$ cat run-v3.txt   # compact mmCIF, C-alpha atoms
# COMPACT_ATOMS: atom_id res chain seq x y z
CA MET A 239 97.55 104.75 89.04
CA SER A 240 96.44 108.33 88.47
CA LYS A 241 99.14 110.95 88.52
CA PRO A 242 98.82 113.89 90.97
CA ASN A 243 98.28 117.12 89.07
CA LEU A 244 101.10 119.02 90.78
CA ASN A 245 102.23 121.73 88.36
CA PRO A 246 105.95 122.62 88.63
CA GLU A 247 105.34 125.71 86.49
CA PHE A 248 102.93 127.05 89.13
CA TRP A 249 105.74 127.01 91.70
CA LYS A 250 108.32 128.76 89.55
CA GLY A 251 109.01 132.16 91.11
CA LYS A 252 106.39 131.75 93.87
CA ARG A 253 107.41 133.35 97.18
CA VAL A 254 107.09 130.55 99.72
CA LEU A 255 107.69 130.92 103.44
CA LEU A 256 108.43 127.54 105.01
CA THR A 257 108.71 127.08 108.76
CA GLY A 258 110.66 124.09 110.03
CA HIS A 259 112.88 123.94 106.92
CA THR A 260 115.88 122.56 108.84
CA GLY A 261 114.01 119.41 109.92
CA PHE A 262 113.76 116.11 108.07
CA LYS A 263 110.49 116.82 106.23
CA GLY A 264 111.32 120.50 105.86
CA SER A 265 114.66 119.74 104.20
CA TRP A 266 113.07 117.40 101.64
CA LEU A 267 110.35 119.99 100.92
CA SER A 268 112.93 122.76 100.59
CA LEU A 269 114.85 120.73 98.00
CA TRP A 270 111.66 120.02 96.04
CA LEU A 271 110.65 123.70 96.03
CA GLN A 272 114.18 124.68 94.95
CA ALA A 273 114.01 122.19 92.08
CA MET A 274 110.80 123.86 90.87
CA GLY A 275 112.29 127.36 91.03
CA SER A 276 110.45 128.82 94.05
CA GLU A 277 111.82 131.74 96.05
CA ILE A 278 111.98 130.38 99.59
CA ARG A 279 112.49 131.87 103.01
CA GLY A 280 113.02 129.20 105.66
CA ILE A 281 112.33 129.95 109.33
CA ALA A 282 113.43 127.38 111.90
CA LEU A 283 115.71 126.48 114.76
CA PRO A 284 119.12 125.01 113.86
CA PRO A 285 119.01 121.43 112.51
CA PRO A 286 117.69 119.13 115.26
CA THR A 287 120.18 116.31 114.77
CA GLU A 288 123.84 115.70 114.00
CA PRO A 289 124.23 114.62 111.27
CA SER A 290 121.21 116.24 109.59
CA LEU A 291 119.68 116.11 106.13
CA PHE A 292 119.73 119.92 106.06
CA GLU A 293 123.52 119.97 106.27
CA CYS A 294 124.49 116.81 104.40
CA ALA A 295 122.29 117.74 101.39
CA ASN A 296 123.39 121.40 101.51
CA VAL A 297 119.78 122.61 101.66
CA ALA A 298 120.72 126.17 102.68
CA CYS A 299 122.37 126.89 99.31
CA GLY A 300 119.00 127.34 97.59
CA LEU A 301 116.98 129.44 100.02
CA ASP A 302 116.99 132.38 102.45
CA HIS A 303 117.87 130.56 105.67
CA GLN A 304 116.68 132.30 108.86
CA ILE A 305 117.15 130.98 112.39
CA CYS A 306 114.10 131.96 114.44
CA ASP A 307 112.05 130.36 117.21
CA ILE A 308 108.35 130.57 116.28
CA ARG A 309 107.65 131.33 119.95
CA ASP A 310 109.28 134.75 119.26
CA TYR A 311 106.34 136.54 117.66
CA ASN A 312 108.01 139.90 117.08
CA ARG A 313 110.94 138.46 115.13
CA LEU A 314 108.60 136.13 113.26
CA GLN A 315 106.41 139.05 112.18
CA THR A 316 109.44 140.96 110.91
CA LEU A 317 110.58 137.95 108.86
CA PHE A 318 107.13 137.63 107.32
CA ASN A 319 106.76 141.32 106.53
CA ASP A 320 110.10 141.86 104.80
CA PHE A 321 109.80 138.69 102.70
CA ALA A 322 106.17 139.25 101.61
CA PRO A 323 105.28 135.58 101.01
CA GLU A 324 102.39 134.42 98.83
CA ILE A 325 102.28 130.89 100.26
CA VAL A 326 103.05 129.72 103.81
CA ILE A 327 103.72 126.08 104.68
CA HIS A 328 103.95 125.71 108.45
CA MET A 329 105.93 122.64 109.53
CA ALA A 330 107.92 123.89 112.55
CA ALA A 331 107.03 121.77 115.57
CA GLN A 332 108.21 119.69 118.48
CA PRO A 333 107.48 116.42 116.63
CA LEU A 334 108.36 113.59 119.04
CA VAL A 335 105.85 111.75 121.25
CA ARG A 336 108.33 110.57 123.88
CA LEU A 337 110.01 113.98 124.16
CA SER A 338 106.58 115.54 124.72
CA TYR A 339 106.27 113.52 127.93
CA GLN A 340 109.59 114.98 129.11
CA GLN A 341 108.90 118.54 127.90
CA PRO A 342 105.14 119.12 127.88
CA MET A 343 105.25 122.91 128.38
CA GLU A 344 107.75 123.41 125.56
CA THR A 345 105.71 121.10 123.32
CA TYR A 346 102.48 123.08 123.84
CA ALA A 347 104.30 126.43 123.55
CA THR A 348 105.76 125.48 120.18
CA ASN A 349 102.92 123.47 118.68
CA VAL A 350 99.98 125.57 119.88
CA MET A 351 101.16 129.14 120.48
CA GLY A 352 103.78 128.79 117.75
CA THR A 353 100.92 128.03 115.34
CA VAL A 354 99.00 131.08 116.61
CA HIS A 355 102.08 133.23 115.98
CA VAL A 356 102.54 131.91 112.42
CA LEU A 357 98.87 132.45 111.53
CA GLU A 358 98.87 135.94 113.06
CA ALA A 359 102.08 136.89 111.25
CA ALA A 360 100.66 135.56 107.98
CA ARG A 361 97.46 137.57 108.19
CA LYS A 362 99.33 140.74 109.18
CA ALA A 363 101.83 140.42 106.31
CA GLY A 364 99.21 141.49 103.76
CA THR A 365 100.58 139.33 100.92
CA VAL A 366 99.65 135.76 101.85
CA LYS A 367 97.03 133.97 99.77
CA ALA A 368 97.42 130.36 100.94
CA ILE A 369 98.52 128.61 104.14
CA VAL A 370 99.04 124.89 104.74
CA ASN A 371 99.38 124.04 108.43
CA VAL A 372 100.95 120.60 108.78
CA THR A 373 99.70 118.73 111.85
CA THR A 374 99.64 114.91 112.20
CA ASP A 375 97.48 111.81 111.95
CA LYS A 376 97.80 111.62 115.74
CA CYS A 377 95.57 114.70 116.13
CA TYR A 378 92.49 112.45 116.09
CA GLU A 379 90.83 111.05 119.21
CA ASN A 380 92.18 107.53 118.79
CA HIS A 381 89.81 104.64 119.49
CA GLU A 382 92.15 102.13 117.78
CA TRP A 383 89.44 101.32 115.26
CA PRO A 384 90.30 98.92 112.41
CA TRP A 385 89.16 101.52 109.85
CA GLY A 386 90.75 104.82 108.86
CA TYR A 387 89.96 108.17 110.44
CA ARG A 388 88.17 110.69 108.26
CA GLU A 389 88.76 114.42 108.32
CA ASN A 390 85.53 115.12 110.23
CA GLU A 391 86.43 112.86 113.19
CA PRO A 392 86.88 114.57 116.59
CA MET A 393 90.27 115.90 117.59
CA GLY A 394 91.95 114.37 120.63
CA GLY A 395 95.40 112.99 121.43
CA PHE A 396 96.52 111.01 124.48
CA ASP A 397 100.09 112.31 124.84
CA PRO A 398 101.14 115.99 124.90
CA TYR A 399 102.50 115.89 121.32
CA SER A 400 99.37 114.39 119.78
CA ASN A 401 97.10 116.57 121.88
CA SER A 402 99.03 119.74 121.03
CA LYS A 403 98.53 118.98 117.35
CA GLY A 404 94.80 118.50 117.95
CA CYS A 405 94.88 121.95 119.58
CA ALA A 406 96.71 123.34 116.52
CA GLU A 407 93.88 122.01 114.36
CA LEU A 408 91.32 123.84 116.53
CA VAL A 409 93.40 127.02 116.40
CA SER A 410 93.44 126.76 112.60
CA SER A 411 89.68 126.32 112.45
CA ALA A 412 89.10 129.35 114.68
CA TYR A 413 91.51 131.54 112.68
CA ARG A 414 89.90 130.45 109.42
CA GLN A 415 86.40 131.32 110.58
CA SER A 416 87.24 134.40 112.63
CA PHE A 417 89.75 136.14 110.36
CA LEU A 418 91.22 134.45 107.32
CA GLN A 419 88.13 133.72 105.21
CA ALA A 420 87.05 137.35 105.39
CA GLU A 421 90.59 138.50 104.57
CA GLY A 422 90.87 136.32 101.46
CA ILE A 423 93.46 133.92 102.87
CA ALA A 424 92.81 130.21 102.31
CA LEU A 425 94.03 128.02 105.20
CA ALA A 426 94.05 124.22 105.14
CA THR A 427 95.47 121.68 107.57
CA ALA A 428 97.31 118.55 106.46
CA ARG A 429 97.41 115.35 108.50
CA ALA A 430 99.98 112.74 107.55
CA GLY A 431 101.14 109.47 109.04
CA ASN A 432 104.52 108.12 110.05
CA VAL A 433 106.89 109.41 107.40
CA ILE A 434 110.10 107.58 106.58
CA GLY A 435 112.91 108.41 104.20
CA GLY A 436 116.62 108.93 103.76
CA GLY A 437 118.26 111.52 106.00
CA ASP A 438 116.20 111.07 109.17
CA TRP A 439 118.45 110.83 112.23
CA ALA A 440 115.86 111.71 114.89
CA ALA A 441 115.90 109.89 118.21
CA ASP A 442 112.95 107.65 119.11
CA ARG A 443 111.90 107.14 115.49
CA LEU A 444 111.69 103.62 114.21
CA VAL A 445 113.66 103.71 110.96
CA PRO A 446 116.54 105.90 112.26
CA ASP A 447 116.80 103.64 115.33
CA ILE A 448 116.93 100.58 113.07
CA LEU A 449 119.60 102.07 110.81
CA ARG A 450 121.75 103.12 113.78
CA ALA A 451 121.67 99.58 115.12
CA LEU A 452 122.41 98.05 111.72
CA GLU A 453 125.41 100.34 111.21
CA GLN A 454 126.84 99.18 114.54
CA ASN A 455 126.10 95.50 113.82
CA GLN A 456 123.85 95.36 116.88
CA PRO A 457 120.38 93.81 117.24
CA VAL A 458 117.59 96.36 116.68
CA LEU A 459 115.70 97.07 119.93
CA ILE A 460 111.93 97.33 119.37
CA ARG A 461 109.42 98.64 121.96
CA ASN A 462 106.13 97.66 120.38
CA PRO A 463 106.44 95.16 117.49
CA HIS A 464 102.69 94.80 116.94
CA ALA A 465 101.88 98.54 116.73
CA ILE A 466 100.39 99.37 113.32
CA ARG A 467 101.10 102.75 111.73
CA PRO A 468 100.33 104.34 108.35
CA TRP A 469 103.94 104.26 107.10
CA GLN A 470 104.76 106.30 104.00
CA HIS A 471 107.80 107.73 102.26
CA VAL A 472 108.31 111.40 103.09
CA LEU A 473 107.75 112.44 99.47
CA GLU A 474 104.16 111.15 99.59
CA PRO A 475 102.70 113.69 102.03
CA LEU A 476 104.98 116.43 100.70
CA SER A 477 103.42 115.97 97.26
CA GLY A 478 100.05 116.35 98.97
CA TYR A 479 101.07 119.55 100.77
CA LEU A 480 102.34 121.08 97.53
CA LEU A 481 99.24 120.11 95.59
CA LEU A 482 97.00 121.43 98.37
CA ALA A 483 98.86 124.75 98.55
CA GLN A 484 98.56 125.09 94.77
CA LYS A 485 94.78 124.48 94.92
CA LEU A 486 94.38 126.96 97.80
CA HIS A 487 96.27 129.62 95.85
CA GLU A 488 94.32 129.01 92.64
CA GLN A 489 90.80 128.38 93.97
CA GLY A 490 90.77 129.69 97.53
CA GLN A 491 88.26 128.66 100.18
CA VAL A 492 86.96 125.60 98.29
CA TYR A 493 89.96 123.67 99.63
CA ALA A 494 90.32 125.48 103.00
CA GLU A 495 89.70 122.57 105.37
CA GLY A 496 91.43 119.50 106.84
CA TRP A 497 93.07 116.86 104.60
CA ASN A 498 94.51 113.40 105.22
CA PHE A 499 97.58 112.23 103.30
CA GLY A 500 98.30 108.61 104.11
CA PRO A 501 99.36 105.37 102.45
CA ARG A 502 97.18 102.72 100.88
CA ASP A 503 95.43 100.48 103.38
CA GLU A 504 97.78 97.58 102.69
CA ASP A 505 100.78 99.70 103.73
CA ALA A 506 99.53 100.17 107.30
CA LYS A 507 101.95 97.59 108.67
CA PRO A 508 103.13 96.52 112.13
CA VAL A 509 106.52 97.64 113.41
CA GLN A 510 107.82 94.08 113.23
CA TRP A 511 107.20 93.94 109.45
CA ILE A 512 109.24 97.12 108.91
CA VAL A 513 112.12 95.82 111.01
CA GLU A 514 112.25 92.49 109.24
CA GLN A 515 112.16 94.12 105.79
CA LEU A 516 115.01 96.49 106.63
CA CYS A 517 117.08 93.76 108.26
CA ALA A 518 116.64 91.61 105.14
CA SER A 519 117.57 94.50 102.81
CA TRP A 520 120.65 95.33 104.90
CA GLY A 521 121.87 91.74 105.07
CA ASN A 522 124.97 90.95 107.14
CA GLY A 523 122.97 88.87 109.65
CA ALA A 524 120.93 91.84 110.90
CA SER A 525 118.37 90.97 113.62
CA TRP A 526 116.01 92.51 116.18
CA THR A 527 114.88 91.93 119.76
CA LEU A 528 112.35 93.34 122.22
CA GLN A 529 113.49 96.36 124.23
CA PRO A 530 113.16 95.60 127.97
CA GLY A 531 111.47 97.88 130.50
CA THR A 532 108.25 99.91 130.58
CA HIS A 533 107.50 102.64 128.05
CA PRO A 534 105.09 105.61 127.83
CA HIS A 535 101.70 105.03 126.20
CA GLU A 536 101.68 104.84 122.41
CA ALA A 537 98.67 103.89 120.31
CA ASN A 538 98.65 100.36 118.92
CA PHE A 539 96.56 101.00 115.82
CA LEU A 540 96.11 104.12 113.73
CA LYS A 541 95.08 104.48 110.09
CA LEU A 542 93.91 107.34 107.87
CA ASP A 543 91.10 107.40 105.32
CA ILE A 544 92.45 109.20 102.23
CA SER A 545 89.27 109.00 100.12
CA LYS A 546 88.79 112.77 100.19
CA ALA A 547 92.28 113.55 98.86
CA ARG A 548 91.86 110.89 96.15
CA GLN A 549 88.52 112.25 94.99
CA ARG A 550 88.93 116.01 95.31
CA LEU A 551 92.67 116.55 94.84
CA ASP A 552 93.32 113.60 92.52
CA TRP A 553 96.14 112.70 94.93
CA THR A 554 97.17 109.12 95.48
CA PRO A 555 100.28 107.42 96.91
CA ARG A 556 102.91 106.44 94.33
CA TRP A 557 105.41 104.25 96.20
CA ASN A 558 104.33 101.20 98.17
CA LEU A 559 106.04 100.49 101.46
CA ALA A 560 108.54 97.98 100.08
CA THR A 561 109.62 100.53 97.44
CA ALA A 562 109.92 103.25 100.09
CA LEU A 563 112.15 101.05 102.24
CA SER A 564 114.39 100.18 99.30
CA HIS A 565 114.87 103.90 98.56
CA ILE A 566 115.80 104.49 102.21
CA VAL A 567 118.46 101.77 102.15
CA ASP A 568 119.81 103.13 98.83
CA TRP A 569 119.94 106.67 100.25
CA HIS A 570 121.62 105.62 103.48
CA GLN A 571 124.22 103.49 101.77
CA ALA A 572 125.01 106.33 99.33
CA TRP A 573 125.52 108.63 102.33
CA ARG A 574 127.88 106.15 103.98
CA GLN A 575 129.89 106.06 100.75
CA GLY A 576 130.30 109.85 100.73
CA SER A 577 128.05 110.54 97.74
CA ASP A 578 126.66 113.97 96.80
CA MET A 579 123.48 113.80 98.89
CA HIS A 580 122.00 116.95 97.36
CA ALA A 581 122.08 115.18 93.99
CA ILE A 582 120.84 111.89 95.50
CA CYS A 583 117.81 113.66 97.02
CA LEU A 584 116.95 115.44 93.76
CA ASP A 585 117.29 112.15 91.91
CA GLN A 586 114.84 110.44 94.29
CA ILE A 587 112.40 113.35 93.89
CA THR A 588 112.64 112.93 90.10
CA GLN A 589 112.11 109.18 90.40
CA TYR A 590 109.05 109.80 92.55
CA GLN A 591 107.55 112.34 90.12
CA THR A 592 108.02 110.10 87.08
CA VAL A 593 106.05 107.15 88.48
CA LYS A 594 103.02 106.55 86.25
$ encode --input "run-v3.txt" --output "structure tokens"
Amino acid sequence: MSKPNLNPEFWKGKRVLLTGHTGFKGSWLSLWLQAMGSEIRGIALPPPTEPSLFECANVACGLDHQICDIRDYNRLQTLFNDFAPEIVIHMAAQPLVRLSYQQPMETYATNVMGTVHVLEAARKAGTVKAIVNVTTDKCYENHEWPWGYRENEPMGGFDPYSNSKGCAELVSSAYRQSFLQAEGIALATARAGNVIGGGDWAADRLVPDILRALEQNQPVLIRNPHAIRPWQHVLEPLSGYLLLAQKLHEQGQVYAEGWNFGPRDEDAKPVQWIVEQLCASWGNGASWTLQPGTHPHEANFLKLDISKARQRLDWTPRWNLATALSHIVDWHQAWRQGSDMHAICLDQITQYQTVK
């Protein structure tokens, strides 16, 4: 397997503004940036769950932690201006499909206008060279094809969450062409699949729901056992975002476009496979059953084509799905035993980086 050419020395001392740093992915990325010596300002709402990875891994100790709603443009602009970032990684979002059905206006306000605010604040700051806007694999118009979506496929999205992220992609394209290229700011979008990893306690996410049931010695309730998703450990796309931001900073507009970061084809597995693997790893007679009732629409099949990232970024997944699941069980059991989760996270990041 080729090794991604992420350069920790590049990140040492870089001024990085990260939105959404209190979330699951944002907390892991914050820890990784801290480990490489970046100067970080995080802008986000308070942690979205209790418990949260942000708090249990003491993420705030290594960055400038700012509570701010990205819908508040004036405060956002002030936080950009007085930090003077070189690199912006935009991850703040309303990230849940089922919640987007309950709160469509809030979802669009955050995911669409929030993105406009971040891009506007970045261009007005006068110091930004590179922006990575993190969207989702669900931004594509999903035909449930058996092959992976490529970066030039049309945007779409059935539910408000997915659709709002398709809109955020279009916003990014317009800002790139209308303003950022001419101003010397390289903007790329990053589309990743269903991320899993230790420290995710979100509602209506498969792995957290499974772990909650296992902890309580209850059968795991599953809505859609045959749905196939591009599952990947959270460190996989984060390595892609970091590598992409590095390339944007070093080489500019050559990399200023959309990028997929997904697993290998063989790791696009049905929900039932994930549940059975985790139940087996947990032991103690763990089991699952179908959740009764009707549920909002969710796609049955979705897969990404990662050929472009392989060829042009020399990026490739490092952990297969079975390995990812074993790291999740290890992480969760360490947390239950009261371990130092900051150290556990950094250890897993090191393990990930040393895979050949």
$ residues_around --input "run-v3.txt" --residues "range 300-315 of chain A" --least-positions-apart "5" --cutoff "9 Å" --atoms "only C-alpha atoms" --output "short mmCIF file (atom, residue, chain, number, x, y, z; two decimals) with C-alpha atoms, keeping the file's coordinate frame"
data_model
loop_
_atom_site.label_atom_id
_atom_site.label_comp_id
_atom_site.auth_asym_id
_atom_site.auth_seq_id
_atom_site.Cartn_x
_atom_site.Cartn_y
_atom_site.Cartn_z
CA THR A 257 108.71 127.08 108.76
CA HIS A 259 112.88 123.94 106.92
CA THR A 260 115.88 122.56 108.84
CA SER A 268 112.93 122.76 100.59
CA LEU A 269 114.85 120.73 98.00
CA GLN A 272 114.18 124.68 94.95
CA SER A 276 110.45 128.82 94.05
CA GLU A 277 111.82 131.74 96.05
CA ILE A 278 111.98 130.38 99.59
CA ARG A 279 112.49 131.87 103.01
CA GLY A 280 113.02 129.20 105.66
CA ILE A 281 112.33 129.95 109.33
CA ALA A 282 113.43 127.38 111.90
CA LEU A 283 115.71 126.48 114.76
CA PRO A 284 119.12 125.01 113.86
CA ASP A 320 110.10 141.86 104.80
CA ALA A 330 107.92 123.89 112.55
CA ALA A 331 107.03 121.77 115.57
CA ALA A 347 104.30 126.43 123.55
CA THR A 348 105.76 125.48 120.18
CA MET A 351 101.16 129.14 120.48
CA GLY A 352 103.78 128.79 117.75
CA THR A 353 100.92 128.03 115.34
CA HIS A 355 102.08 133.23 115.98
CA VAL A 356 102.54 131.91 112.42
CA GLU A 358 98.87 135.94 113.06
CA ALA A 359 102.08 136.89 111.25
CA ALA A 360 100.66 135.56 107.98
CA LYS A 362 99.33 140.74 109.18
CA ALA A 363 101.83 140.42 106.31
#
$ closest_residue --input "run-v3.txt" --among "A:Leu425, A:Gly386, A:Leu256, A:Cys517" --to "Ala483 in chain A" --atoms "only C-alpha atoms"
A:Leu425
$ residues_near_point --input "run-v3.txt" --point "(119.6, 112.2, 91.9)" --cutoff "12 Å" --atoms "all atoms listed in the file" --output "short mmCIF file (atom, residue, chain, number, x, y, z; two decimals) with C-alpha atoms, in the coordinates of the input"
data_model
loop_
_atom_site.label_atom_id
_atom_site.label_comp_id
_atom_site.auth_asym_id
_atom_site.auth_seq_id
_atom_site.Cartn_x
_atom_site.Cartn_y
_atom_site.Cartn_z
CA LEU A 269 114.85 120.73 98.00
CA TRP A 270 111.66 120.02 96.04
CA ALA A 273 114.01 122.19 92.08
CA ALA A 295 122.29 117.74 101.39
CA HIS A 565 114.87 103.90 98.56
CA ASP A 568 119.81 103.13 98.83
CA TRP A 569 119.94 106.67 100.25
CA ALA A 572 125.01 106.33 99.33
CA SER A 577 128.05 110.54 97.74
CA ASP A 578 126.66 113.97 96.80
CA MET A 579 123.48 113.80 98.89
CA HIS A 580 122.00 116.95 97.36
CA ALA A 581 122.08 115.18 93.99
CA ILE A 582 120.84 111.89 95.50
CA CYS A 583 117.81 113.66 97.02
CA LEU A 584 116.95 115.44 93.76
CA ASP A 585 117.29 112.15 91.91
CA GLN A 586 114.84 110.44 94.29
CA ILE A 587 112.40 113.35 93.89
CA THR A 588 112.64 112.93 90.10
CA GLN A 589 112.11 109.18 90.40
CA TYR A 590 109.05 109.80 92.55
#
$ closest_atom_pairs --input "run-v3.txt" --of "range 487-552 of chain A" --to "range 409-419 of chain A" --cutoff "12 Å" --atoms "only C-alpha atoms" --output "tab-separated table"
residue	atom	partner	partner_atom	distance
A:Gly490	CA	A:Gln419	CA	9.1
A:Gln491	CA	A:Gln419	CA	7.1
A:Val492	CA	A:Gln419	CA	10.7
A:Tyr493	CA	A:Gln419	CA	11.6
A:Ala494	CA	A:Arg414	CA	8.1
A:Glu495	CA	A:Ser411	CA	8.0
A:Gly496	CA	A:Ser411	CA	9.0
$ residues_near_point --input "run-v3.txt" --point "(104.6, 117.3, 99.1)" --cutoff "10 Å" --atoms "all atoms listed in the file" --output "ChimeraX atom specification"
/A:244,263,266-267,270-271,472-483,499
